[in-house]
file coords_11.csv (CSV, C-alpha atoms)
chain,number,residue,atom,x,y,z
S,17,MET,CA,85.0,100.3,72.3
S,18,ILE,CA,86.4,97.2,73.8
S,19,ASP,CA,88.2,96.3,70.6
S,20,MET,CA,89.8,99.8,70.4
S,21,LEU,CA,91.0,99.5,74.0
S,22,ILE,CA,92.5,96.1,73.5
S,23,GLN,CA,94.2,97.2,70.3
S,24,ARG,CA,95.8,100.1,72.2
S,25,TYR,CA,97.1,98.2,75.2
S,26,ASP,CA,100.8,98.6,75.9
S,27,ARG,CA,102.4,95.3,74.7
S,28,GLN,CA,105.9,96.1,76.1
S,29,LEU,CA,104.5,96.9,79.5
S,30,LEU,CA,102.6,93.5,79.6
S,31,ILE,CA,105.8,91.7,78.4
S,32,TYR,CA,107.9,93.2,81.2
S,33,LEU,CA,105.2,92.3,83.7
S,34,GLY,CA,105.0,88.8,82.4
S,35,VAL,CA,108.7,88.2,82.5
S,36,LEU,CA,108.8,89.6,86.1
S,37,ALA,CA,105.8,87.4,87.1
S,38,VAL,CA,107.5,84.2,85.6
S,39,MET,CA,110.8,85.0,87.3
S,40,GLY,CA,109.1,85.8,90.5
S,41,THR,CA,107.1,82.5,90.4
S,42,VAL,CA,110.2,80.4,89.8
S,43,MET,CA,112.1,82.2,92.6
S,44,LEU,CA,109.1,82.0,95.0
S,45,TYR,CA,109.0,78.2,94.6
S,46,SER,CA,112.7,77.9,95.1
S,47,ALA,CA,112.6,80.2,98.2
S,48,SER,CA,109.6,78.5,99.7
S,49,TRP,CA,109.8,74.8,99.0
S,50,TYR,CA,111.8,74.0,102.2
S,51,GLU,CA,109.4,76.0,104.4
S,52,SER,CA,106.4,74.4,102.7
S,53,PHE,CA,107.9,70.9,103.2
S,54,ALA,CA,108.5,71.6,106.9
S,55,SER,CA,105.1,73.3,107.6
S,56,SER,CA,103.1,70.6,105.9
S,57,ASN,CA,104.9,67.8,107.7
S,58,GLY,CA,106.5,66.5,104.5
S,59,ARG,CA,103.3,66.3,102.5
S,60,THR,CA,104.2,68.9,99.8
S,61,ASP,CA,106.9,71.3,98.8
S,62,MET,CA,104.4,73.4,96.7
S,63,LEU,CA,102.2,74.8,99.5
S,64,TYR,CA,103.2,78.4,98.8
S,65,LEU,CA,103.5,77.9,95.1
S,66,GLN,CA,99.9,76.7,94.8
S,67,GLY,CA,98.7,79.7,96.8
S,68,HIS,CA,100.8,82.1,94.7
S,69,LEU,CA,99.5,80.7,91.4
S,70,LYS,CA,95.9,80.9,92.6
S,71,ARG,CA,96.4,84.6,93.5
S,72,MET,CA,98.1,85.2,90.3
S,73,LEU,CA,95.1,83.8,88.4
S,74,VAL,CA,92.8,86.2,90.3
S,75,GLY,CA,95.3,89.0,89.5
S,76,VAL,CA,95.2,88.2,85.8
S,77,PHE,CA,91.4,88.4,85.8
S,78,PHE,CA,91.7,91.9,87.4
S,79,LEU,CA,94.4,92.9,85.0
S,80,PHE,CA,92.4,92.2,81.9
S,81,GLY,CA,89.2,93.5,83.6
S,82,PHE,CA,90.8,96.9,84.1
S,83,LEU,CA,92.5,96.8,80.7
S,84,ILE,CA,89.1,96.6,79.1
S,85,LEU,CA,87.6,99.2,81.4
S,86,ASP,CA,87.9,102.8,80.3
S,87,TYR,CA,90.1,104.3,83.1
S,88,ARG,CA,88.1,107.5,82.9
S,89,ARG,CA,85.2,105.7,84.6
S,90,LEU,CA,87.4,105.6,87.8
S,91,LYS,CA,87.1,109.4,87.9
S,92,GLU,CA,83.4,109.0,88.7
S,93,ILE,CA,83.9,106.7,91.6
S,94,ALA,CA,87.2,108.1,93.0
S,95,PRO,CA,85.7,109.8,96.1
S,96,TYR,CA,83.7,106.6,96.8
S,97,LEU,CA,86.8,104.5,96.5
S,98,VAL,CA,88.7,106.4,99.1
S,99,ILE,CA,85.6,106.6,101.4
S,100,GLY,CA,85.3,102.8,101.0
S,101,ALA,CA,89.0,102.3,101.8
S,102,ILE,CA,88.6,104.4,105.0
S,103,ILE,CA,85.6,102.3,106.0
S,104,LEU,CA,87.4,99.1,105.4
S,105,LEU,CA,90.4,100.2,107.4
S,106,ILE,CA,88.1,101.1,110.4
S,107,ALA,CA,86.2,97.9,110.0
S,108,THR,CA,89.5,95.9,110.0
S,109,LYS,CA,90.6,97.4,113.3
S,110,ALA,CA,87.2,97.2,114.8
S,111,TYR,CA,86.9,93.5,113.9
S,112,TYR,CA,90.1,92.6,115.7
S,113,LEU,CA,89.2,94.7,118.7
S,114,ALA,CA,85.8,93.0,118.9
S,115,LYS,CA,87.5,89.6,118.8
S,116,GLY,CA,89.4,90.7,121.9
S,117,PHE,CA,92.9,90.7,120.3
S,118,GLY,CA,93.9,94.1,121.9
S,119,TRP,CA,94.9,97.4,120.5
S,120,TYR,CA,98.5,96.4,119.6
S,121,LYS,CA,97.7,93.1,118.0
S,122,PRO,CA,98.3,93.2,114.2
S,123,ALA,CA,95.0,94.0,112.5
S,124,ARG,CA,95.7,94.1,108.8
S,125,TRP,CA,93.4,91.5,107.2
S,126,LEU,CA,89.7,91.4,106.7
S,127,PHE,CA,88.2,87.9,106.1
S,128,VAL,CA,85.4,87.8,103.5
S,129,GLY,CA,84.3,84.2,103.2
S,130,PRO,CA,87.2,82.2,101.7
S,131,PHE,CA,89.0,85.4,100.7
S,132,THR,CA,91.4,87.5,102.7
S,133,LEU,CA,91.9,91.2,102.0
S,134,GLN,CA,94.8,93.3,103.3
S,135,THR,CA,92.9,96.5,103.5
S,136,SER,CA,96.0,98.7,103.3
S,137,ASP,CA,96.6,97.4,99.7
S,138,PHE,CA,93.1,98.5,98.7
S,139,ALA,CA,93.7,101.9,100.4
S,140,ARG,CA,96.9,102.3,98.3
S,141,MET,CA,95.0,101.9,95.1
S,142,ALA,CA,92.2,104.2,96.3
S,143,ILE,CA,94.7,106.9,97.2
S,144,ILE,CA,96.4,106.8,93.8
S,145,VAL,CA,93.0,107.1,92.0
S,146,PHE,CA,91.7,109.8,94.4
S,147,MET,CA,94.8,111.9,94.2
S,148,ALA,CA,94.7,111.8,90.4
S,149,TYR,CA,91.0,112.7,90.4
S,150,TYR,CA,91.5,115.5,93.0
S,151,ILE,CA,94.4,117.2,91.2
S,152,ASP,CA,92.5,117.0,87.9
S,153,LYS,CA,89.5,118.7,89.6
S,154,LYS,CA,91.4,121.2,91.7
S,155,ARG,CA,94.6,121.9,89.8
S,156,ASP,CA,93.7,125.6,89.5
S,157,GLN,CA,93.4,125.9,93.3
S,158,LEU,CA,96.2,123.5,94.3
S,159,LYS,CA,98.6,126.3,95.1
S,160,ASP,CA,96.1,127.7,97.6
S,161,PHE,CA,97.0,125.7,100.8
S,162,GLN,CA,93.6,126.0,102.6
S,163,MET,CA,91.3,125.5,99.6
S,164,GLY,CA,93.5,123.3,97.4
S,165,LEU,CA,96.2,121.3,99.2
S,166,LEU,CA,94.8,120.9,102.7
S,167,PRO,CA,91.8,118.7,101.8
S,168,ALA,CA,94.0,116.3,99.9
S,169,LEU,CA,96.5,116.2,102.7
S,170,SER,CA,93.7,115.6,105.2
S,171,VAL,CA,92.4,112.5,103.3
S,172,LEU,CA,96.0,111.3,103.0
S,173,ALA,CA,96.6,111.8,106.8
S,174,VAL,CA,93.4,110.0,107.8
S,175,THR,CA,94.2,107.0,105.6
S,176,MET,CA,97.8,106.9,106.9
S,177,GLY,CA,96.7,107.2,110.5
S,178,LEU,CA,94.3,104.3,110.1
S,179,ILE,CA,97.1,102.1,108.6
S,180,VAL,CA,99.6,103.2,111.3
S,181,ILE,CA,97.2,101.9,114.1
S,182,GLN,CA,96.9,98.5,112.4
S,183,PRO,CA,99.9,98.7,113.0
S,184,ASP,CA,101.7,99.0,109.6
S,185,TYR,CA,104.0,102.0,109.7
S,186,SER,CA,106.0,101.2,106.6
S,187,THR,CA,103.0,100.8,104.4
S,188,ALA,CA,101.5,104.1,105.7
S,189,LEU,CA,104.8,105.8,104.9
S,190,MET,CA,104.9,104.5,101.4
S,191,ILE,CA,101.3,105.5,100.7
S,192,GLY,CA,102.1,109.0,102.0
S,193,ALA,CA,105.2,109.2,99.8
S,194,ILE,CA,103.2,108.2,96.7
S,195,GLY,CA,100.4,110.7,97.5
S,196,VAL,CA,102.8,113.5,98.0
S,197,LEU,CA,104.6,112.7,94.8
S,198,ILE,CA,101.4,112.9,92.8
S,199,LEU,CA,100.5,116.2,94.5
S,200,PHE,CA,104.0,117.6,93.7
S,201,ILE,CA,103.8,116.5,90.0
S,202,GLY,CA,100.3,118.0,89.9
S,203,GLY,CA,101.6,121.4,90.8
S,204,ALA,CA,101.5,121.8,94.6
S,205,LYS,CA,104.1,124.2,96.0
S,206,ILE,CA,107.3,122.6,97.3
S,207,SER,CA,107.2,125.1,100.3
S,208,GLN,CA,103.7,124.0,101.3
S,209,LEU,CA,104.5,120.3,100.9
S,210,SER,CA,107.8,120.7,102.9
S,211,LEU,CA,105.9,122.5,105.7
S,212,ALA,CA,103.3,119.6,105.7
S,213,GLY,CA,106.2,117.1,105.7
S,214,ALA,CA,107.9,118.8,108.6
S,215,GLY,CA,104.6,118.7,110.6
S,216,ALA,CA,104.2,115.0,109.7
S,217,LEU,CA,107.7,114.2,110.9
S,218,LEU,CA,107.0,115.9,114.3
S,219,VAL,CA,104.1,113.5,114.7
S,220,GLY,CA,105.5,110.5,112.8
S,221,ILE,CA,108.9,110.2,114.6
S,222,PRO,CA,107.5,109.9,118.1
S,223,VAL,CA,104.9,107.4,116.8
S,224,LEU,CA,107.6,105.4,115.1
S,225,LEU,CA,109.7,105.2,118.3
S,226,SER,CA,106.7,104.6,120.5
S,227,ARG,CA,106.6,100.8,119.8
S,228,GLU,CA,109.5,98.7,121.2
S,229,TYR,CA,110.0,96.5,118.1
S,230,ARG,CA,110.2,99.5,115.7
S,231,ARG,CA,112.6,101.4,118.1
S,232,GLN,CA,114.9,98.3,118.3
S,233,ARG,CA,115.0,98.0,114.5
S,234,ILE,CA,116.0,101.6,114.2
S,235,PHE,CA,118.7,101.3,116.9
S,236,SER,CA,120.0,98.1,115.4
S,237,PHE,CA,120.3,99.7,112.0
S,238,PHE,CA,122.5,102.4,113.5
S,239,GLY,CA,124.5,99.9,115.5
S,240,ILE,CA,122.9,100.8,118.9
S,241,GLY,CA,122.1,98.0,121.2
S,242,ASP,CA,123.6,94.5,121.8
S,243,ASP,CA,120.6,92.2,121.2
S,244,PRO,CA,121.7,89.9,118.3
S,245,GLU,CA,118.1,88.8,117.6
S,246,VAL,CA,117.0,92.3,116.5
S,247,GLY,CA,119.4,92.5,113.6
S,248,TYR,CA,119.4,88.8,112.9
S,249,GLN,CA,117.2,88.9,109.8
S,250,ALA,CA,119.1,91.8,108.2
S,251,GLY,CA,122.4,90.1,109.0
S,252,GLN,CA,121.3,86.8,107.4
S,253,SER,CA,120.1,88.7,104.4
S,254,LEU,CA,123.6,90.1,103.8
S,255,ILE,CA,125.1,86.7,104.3
S,256,SER,CA,122.7,85.3,101.6
S,257,LEU,CA,123.7,88.0,99.1
S,258,GLY,CA,127.4,87.4,100.0
S,259,ASN,CA,127.0,83.7,99.3
S,260,GLY,CA,125.6,84.5,95.9
S,261,GLY,CA,128.3,87.0,94.9
S,262,ILE,CA,128.5,87.8,91.1
S,263,PHE,CA,127.2,84.6,89.6
S,264,GLY,CA,125.2,82.9,92.4
S,265,VAL,CA,125.3,79.4,93.9
S,266,GLY,CA,122.7,78.0,91.3
S,267,LEU,CA,119.0,77.9,91.2
S,268,GLY,CA,117.6,75.9,94.1
S,269,ASN,CA,120.9,75.8,96.0
S,270,SER,CA,120.4,78.5,98.6
S,271,ILE,CA,121.5,77.7,102.1
S,272,GLU,CA,119.9,80.6,103.8
S,273,LYS,CA,116.3,79.6,102.9
S,274,ASN,CA,116.7,76.4,105.0
S,275,HIS,CA,115.5,78.2,108.2
S,276,PHE,CA,118.5,80.5,108.5
S,277,LEU,CA,116.9,83.5,106.9
S,278,PRO,CA,113.3,84.1,108.3
S,279,THR,CA,110.5,84.6,105.7
S,280,PRO,CA,112.7,84.0,102.7
S,281,HIS,CA,109.6,83.8,100.4
S,282,THR,CA,108.1,87.1,101.5
S,283,ASP,CA,109.9,90.3,102.4
S,284,PHE,CA,113.4,88.9,101.9
S,285,ILE,CA,113.0,86.9,98.7
S,286,PHE,CA,115.3,89.4,96.9
S,287,ALA,CA,118.1,88.0,99.1
S,288,ILE,CA,117.4,84.5,97.8
S,289,ILE,CA,117.4,85.7,94.3
S,290,GLY,CA,120.8,87.3,94.9
S,291,GLU,CA,122.1,84.1,96.5
S,292,GLU,CA,120.9,81.6,93.9
S,293,LEU,CA,121.3,83.7,90.7
S,294,GLY,CA,123.9,86.2,91.8
S,295,PHE,CA,124.4,89.9,90.9
S,296,ILE,CA,124.5,89.5,87.1
S,297,LEU,CA,121.7,87.0,86.5
S,298,GLY,CA,119.5,87.7,89.5
S,299,THR,CA,119.4,91.1,91.3
S,300,VAL,CA,120.3,93.3,88.4
S,301,PRO,CA,117.7,91.8,85.9
S,302,VAL,CA,115.0,92.0,88.5
S,303,LEU,CA,115.6,95.7,89.3
S,304,THR,CA,116.0,96.4,85.6
S,305,LEU,CA,112.5,95.0,85.0
S,306,PHE,CA,111.1,97.3,87.5
S,307,LEU,CA,112.9,100.2,85.9
S,308,LEU,CA,111.5,99.2,82.5
S,309,ILE,CA,108.0,99.1,84.0
S,310,PHE,CA,108.5,102.5,85.6
S,311,PHE,CA,109.8,104.1,82.4
S,312,ARG,CA,107.0,102.5,80.3
S,313,GLY,CA,104.5,103.9,82.8
S,314,LEU,CA,106.0,107.4,82.4
S,315,LYS,CA,105.7,107.0,78.6
S,316,VAL,CA,102.0,106.1,79.0
S,317,ALA,CA,101.6,109.3,81.1
S,318,LYS,CA,103.5,111.4,78.5
S,319,GLU,CA,101.3,110.2,75.7
S,320,CYS,CA,98.0,110.7,77.6
S,321,THR,CA,96.0,113.8,76.8
S,322,ASP,CA,93.8,113.6,79.9
S,323,PRO,CA,95.3,115.2,83.1
S,324,PHE,CA,93.5,112.5,85.2
S,325,GLY,CA,95.2,109.8,83.1
S,326,VAL,CA,98.6,111.5,83.4
S,327,PHE,CA,98.5,111.7,87.2
S,328,LEU,CA,97.1,108.2,87.4
S,329,ALA,CA,99.9,106.7,85.3
S,330,VAL,CA,102.5,108.6,87.2
S,331,GLY,CA,101.2,107.5,90.6
S,332,ILE,CA,101.0,103.8,89.5
S,333,SER,CA,104.6,104.0,88.1
S,334,PHE,CA,106.0,105.5,91.3
S,335,ASN,CA,104.1,102.9,93.3
S,336,PHE,CA,106.0,100.0,91.6
S,337,ILE,CA,109.4,101.6,91.6
S,338,LEU,CA,109.2,102.8,95.2
S,339,TYR,CA,108.1,99.4,96.6
S,340,ALA,CA,110.7,97.5,94.6
S,341,PHE,CA,113.7,99.7,95.5
S,342,VAL,CA,112.8,100.1,99.1
S,343,ASN,CA,112.5,96.3,99.4
S,344,ALA,CA,115.9,96.0,97.7
S,345,ALA,CA,117.3,98.7,100.0
S,346,VAL,CA,116.1,96.8,103.1
S,347,VAL,CA,117.5,93.5,101.9
S,348,THR,CA,120.9,95.1,101.1
S,349,GLY,CA,121.1,96.9,104.5
S,350,ILE,CA,120.6,100.4,103.1
S,351,PHE,CA,117.3,100.9,105.0
S,352,PRO,CA,116.1,99.5,108.3
S,353,VAL,CA,114.0,96.4,108.2
S,354,THR,CA,110.4,97.0,107.1
S,355,GLY,CA,107.6,94.7,106.2
S,356,LEU,CA,107.3,95.9,102.6
S,357,PRO,CA,107.1,93.2,99.9
S,358,MET,CA,108.6,93.2,96.4
S,359,PRO,CA,105.8,93.6,93.9
S,360,MET,CA,105.0,90.5,91.8
S,361,VAL,CA,107.8,88.6,93.4
S,362,SER,CA,107.1,88.3,97.2
S,363,TYR,CA,104.4,85.9,98.4
S,364,GLY,CA,101.2,87.6,99.1
S,365,GLY,CA,97.6,87.9,97.8
S,366,SER,CA,96.1,91.3,98.0
S,367,GLY,CA,99.2,93.1,97.0
S,368,MET,CA,99.6,91.0,93.8
S,369,VAL,CA,95.9,91.5,92.8
S,370,ILE,CA,96.1,95.2,93.4
S,371,ASN,CA,99.4,95.6,91.5
S,372,MET,CA,98.0,93.7,88.5
S,373,ALA,CA,94.9,95.8,88.6
S,374,LEU,CA,97.0,98.9,88.5
S,375,ILE,CA,99.0,97.6,85.6
S,376,GLY,CA,95.7,97.0,83.8
S,377,ILE,CA,94.7,100.6,84.4
call {"tool": "encode", "arguments": {"input": "coords_11.csv", "output": "structure tokens"}}
result
Amino acid sequence: MIDMLIQRYDRQLLIYLGVLAVMGTVMLYSASWYESFASSNGRTDMLYLQGHLKRMLVGVFFLFGFLILDYRRLKEIAPYLVIGAIILLIATKAYYLAKGFGWYKPARWLFVGPFTLQTSDFARMAIIVFMAYYIDKKRDQLKDFQMGLLPALSVLAVTMGLIVIQPDYSTALMIGAIGVLILFIGGAKISQLSLAGAGALLVGIPVLLSREYRRQRIFSFFGIGDDPEVGYQAGQSLISLGNGGIFGVGLGNSIEKNHFLPTPHTDFIFAIIGEELGFILGTVPVLTLFLLIFFRGLKVAKECTDPFGVFLAVGISFNFILYAFVNAAVVTGIFPVTGLPMPMVSYGGSGMVINMALIGI
């Protein structure tokens, strides 16, 4: 059985992922060496690179683990996965409250011994698996709002709500978008999804504007307000891309990563890619790799004869392309600033491991 699964793995998909991972690792080191040197008091310029490579090694383990695992086994544990994700999200918030950090203190990570888990990443994977399972099980009833669509939307709403109070509004929004896309492709009525979306906006917009930092980001995006610090990161990102132009300033030669652009190795690493490698050798190849992964994922879905596998592949494919292009849209000033990373490229642990597990699936 294992031999058959290994023989049938999608080589092109793994090649695209490998190229993206190598390019991401090179650019992460380039974007983070100055920050590493400064934060370690001159001891090392590879602080973030070492962390990135350790997490990538764990991710490779999960990738091949899920590659060997028959994905249909996930159908049996899908409800337990989403219940586990909800429990983890509650536990994360409760842990921070118990420590006396207050309701509005960011509560996104759960510490398990030497490991740190960003529970919203696990919730993202759980929602993709659960939605595929639910549609496969209820596809004949999905057009019935009360018996078909409402339970799925309720699970999605609870998960999103628990992520919003972490607070992590942008991740909750992305998980909601992925869940609704899977439901739409699974056969849910557009009218019902639109009605649910309108209700979500009535709740979501006041929640979005209820926090001062989110409200200032939105106002800054639309040119409202005169606080230069609010739009500083977005402005420096555009300067970085402008410096790079068509051909870039050369690998390692970014000026903005030297404490001009905040967090250049995380949410805004795409700007450093554009600055150092330029439009032709940097930003376009990276986005092209994400498109190739996306189309390869859709090809996997098309060739799958099991409805659960089809919806699973579609959800995973949209997960990658949405995260990548929303991150690129933020860096280029098309969207307001969010905290969403670029998969396989930005520095981060849980996200990388989850994304590689999803590719393995």
call {"tool": "closest_residue", "arguments": {"input": "coords_11.csv", "among": "S:Val38, S:Val180, S:Ala340, S:Leu166", "to": "Leu199 of chain S", "atoms": "only C-alpha atoms"}}
result
S:Leu166
call {"tool": "residues_around", "arguments": {"input": "coords_11.csv", "residues": "Val74 of chain S", "least_positions_apart": "2", "cutoff": "12 Å", "atoms": "all atoms listed in the file", "output": "ChimeraX atom specification"}}
result
/S:67-72,76-81,131,365-373
call {"tool": "write_last_selection", "arguments": {"input": "coords_11.csv", "atoms": "C-alpha atoms", "output": "short mmCIF file (atom, residue, chain, number, x, y, z; two decimals), in the coordinates of the input"}}
result
data_model
loop_
_atom_site.label_atom_id
_atom_site.label_comp_id
_atom_site.auth_asym_id
_atom_site.auth_seq_id
_atom_site.Cartn_x
_atom_site.Cartn_y
_atom_site.Cartn_z
CA GLY S 67 98.70 79.70 96.80
CA HIS S 68 100.80 82.10 94.70
CA LEU S 69 99.50 80.70 91.40
CA LYS S 70 95.90 80.90 92.60
CA ARG S 71 96.40 84.60 93.50
CA MET S 72 98.10 85.20 90.30
CA VAL S 76 95.20 88.20 85.80
CA PHE S 77 91.40 88.40 85.80
CA PHE S 78 91.70 91.90 87.40
CA LEU S 79 94.40 92.90 85.00
CA PHE S 80 92.40 92.20 81.90
CA GLY S 81 89.20 93.50 83.60
CA PHE S 131 89.00 85.40 100.70
CA GLY S 365 97.60 87.90 97.80
CA SER S 366 96.10 91.30 98.00
CA GLY S 367 99.20 93.10 97.00
CA MET S 368 99.60 91.00 93.80
CA VAL S 369 95.90 91.50 92.80
CA ILE S 370 96.10 95.20 93.40
CA ASN S 371 99.40 95.60 91.50
CA MET S 372 98.00 93.70 88.50
CA ALA S 373 94.90 95.80 88.60
#
call {"tool": "residues_near_point", "arguments": {"input": "coords_11.csv", "point": "(96.6, 121.3, 92.6)", "cutoff": "6 Å", "atoms": "all atoms listed in the file", "output": "PyMOL selection string"}}
result
chain S and resi 151+154-155+157-159+202-204
call {"tool": "atom_distance", "arguments": {"input": "coords_11.csv", "atom1": "atom CA of Ile181 of chain S", "atom2": "atom CA of Val223 of chain S"}}
result
9.8 Å
call {"tool": "closest_residue", "arguments": {"input": "coords_11.csv", "among": "S:Pro280, S:Gly247, S:Gly177, S:Gly290", "to": "Leu267 of chain S", "atoms": "only C-alpha atoms"}}
result
S:Gly290
call {"tool": "residues_around", "arguments": {"input": "coords_11.csv", "residues": "Thr304 of chain S", "least_positions_apart": "6", "cutoff": "12 Å", "atoms": "all atoms listed in the file", "output": "list in words"}}
result
Tyr32, Leu33, Val35, Leu36, Phe295, Ile296, Leu297, Gly298, Phe310, Phe311, Ile337, Ala340 and Phe341 of chain S
call {"tool": "closest_residue", "arguments": {"input": "coords_11.csv", "among": "S:Thr60, S:Ser226, S:Ser270, S:Ser136", "to": "Arg124 of chain S", "atoms": "only C-alpha atoms"}}
result
S:Ser136
call {"tool": "residues_around", "arguments": {"input": "coords_11.csv", "residues": "segment 354-358 of chain S", "least_positions_apart": "2", "cutoff": "7 Å", "atoms": "only C-alpha atoms", "output": "CSV table (one decimal) with C-alpha atoms, keeping the file's coordinate frame"}}
result
chain,number,residue,atom,x,y,z
S,186,SER,CA,106.0,101.2,106.6
S,187,THR,CA,103.0,100.8,104.4
S,282,THR,CA,108.1,87.1,101.5
S,283,ASP,CA,109.9,90.3,102.4
S,339,TYR,CA,108.1,99.4,96.6
S,340,ALA,CA,110.7,97.5,94.6
S,343,ASN,CA,112.5,96.3,99.4
S,346,VAL,CA,116.1,96.8,103.1
S,352,PRO,CA,116.1,99.5,108.3
S,360,MET,CA,105.0,90.5,91.8
S,361,VAL,CA,107.8,88.6,93.4
S,362,SER,CA,107.1,88.3,97.2
call {"tool": "residues_around", "arguments": {"input": "coords_11.csv", "residues": "segment 138-146 of chain S", "least_positions_apart": "6", "cutoff": "9 Å", "atoms": "all atoms listed in the file", "output": "NGL selection string"}}
result
:S and (90-91 or 93-102 or 104-105 or 168 or 171-172 or 175 or 179 or 187-188 or 190-191 or 194-195 or 198 or 324 or 327-328 or 331-332 or 335 or 366-367 or 370-371 or 373-374)
call {"tool": "atom_distance", "arguments": {"input": "coords_11.csv", "atom1": "atom CA of Arg227 of chain S", "atom2": "atom CA of Ser256 of chain S"}}
result
28.8 Å
call {"tool": "decode", "arguments": {"input": "coords_11.csv", "residues": "segment 288-294 of chain S", "atoms": "all heavy atoms", "output": "mmCIF file, in the first residue's frame"}}
result
data_model
loop_
_atom_site.group_PDB
_atom_site.id
_atom_site.type_symbol
_atom_site.label_atom_id
_atom_site.label_comp_id
_atom_site.auth_asym_id
_atom_site.auth_seq_id
_atom_site.Cartn_x
_atom_site.Cartn_y
_atom_site.Cartn_z
ATOM 1 N N ILE S 288 11.149 42.617 0.172
ATOM 2 C CA ILE S 288 12.605 42.431 0.074
ATOM 3 C C ILE S 288 12.951 41.617 -1.176
ATOM 4 O O ILE S 288 13.951 41.883 -1.848
ATOM 5 C CB ILE S 288 13.157 41.742 1.340
ATOM 6 C CG1 ILE S 288 12.774 42.529 2.591
ATOM 7 C CG2 ILE S 288 14.660 41.580 1.247
ATOM 8 C CD1 ILE S 288 13.266 43.970 2.607
ATOM 9 N N ILE S 289 12.113 40.638 -1.490
ATOM 10 C CA ILE S 289 12.307 39.867 -2.733
ATOM 11 C C ILE S 289 12.250 40.798 -3.933
ATOM 12 O O ILE S 289 13.086 40.729 -4.843
ATOM 13 C CB ILE S 289 11.244 38.756 -2.859
ATOM 14 C CG1 ILE S 289 11.444 37.695 -1.766
ATOM 15 C CG2 ILE S 289 11.307 38.101 -4.244
ATOM 16 C CD1 ILE S 289 10.349 36.660 -1.697
ATOM 17 N N GLY S 290 11.262 41.699 -3.928
ATOM 18 C CA GLY S 290 11.129 42.656 -5.027
ATOM 19 C C GLY S 290 12.278 43.634 -5.085
ATOM 20 O O GLY S 290 12.717 44.035 -6.164
ATOM 21 N N GLU S 291 12.794 44.031 -3.907
ATOM 22 C CA GLU S 291 13.898 44.995 -3.884
ATOM 23 C C GLU S 291 15.202 44.360 -4.371
ATOM 24 O O GLU S 291 15.935 44.954 -5.164
ATOM 25 C CB GLU S 291 14.090 45.549 -2.469
ATOM 26 C CG GLU S 291 15.164 46.627 -2.393
ATOM 27 C CD GLU S 291 15.313 47.224 -1.007
ATOM 28 O OE1 GLU S 291 14.675 46.711 -0.064
ATOM 29 O OE2 GLU S 291 16.071 48.199 -0.864
ATOM 30 N N GLU S 292 15.486 43.148 -3.913
ATOM 31 C CA GLU S 292 16.779 42.542 -4.226
ATOM 32 C C GLU S 292 16.807 41.851 -5.596
ATOM 33 O O GLU S 292 17.808 41.920 -6.305
ATOM 34 C CB GLU S 292 17.171 41.545 -3.129
ATOM 35 C CG GLU S 292 17.404 42.231 -1.795
ATOM 36 C CD GLU S 292 18.062 41.346 -0.765
ATOM 37 O OE1 GLU S 292 18.172 40.125 -1.023
ATOM 38 O OE2 GLU S 292 18.479 41.868 0.280
ATOM 39 N N LEU S 293 15.721 41.181 -5.950
ATOM 40 C CA LEU S 293 15.699 40.425 -7.209
ATOM 41 C C LEU S 293 14.896 41.116 -8.305
ATOM 42 O O LEU S 293 14.991 40.718 -9.474
ATOM 43 C CB LEU S 293 15.144 39.018 -6.965
ATOM 44 C CG LEU S 293 15.914 38.153 -5.953
ATOM 45 C CD1 LEU S 293 15.284 36.771 -5.857
ATOM 46 C CD2 LEU S 293 17.386 38.047 -6.326
ATOM 47 N N GLY S 294 14.086 42.100 -7.933
ATOM 48 C CA GLY S 294 13.337 42.847 -8.928
ATOM 49 C C GLY S 294 12.065 42.154 -9.394
ATOM 50 O O GLY S 294 11.694 41.082 -8.915
#
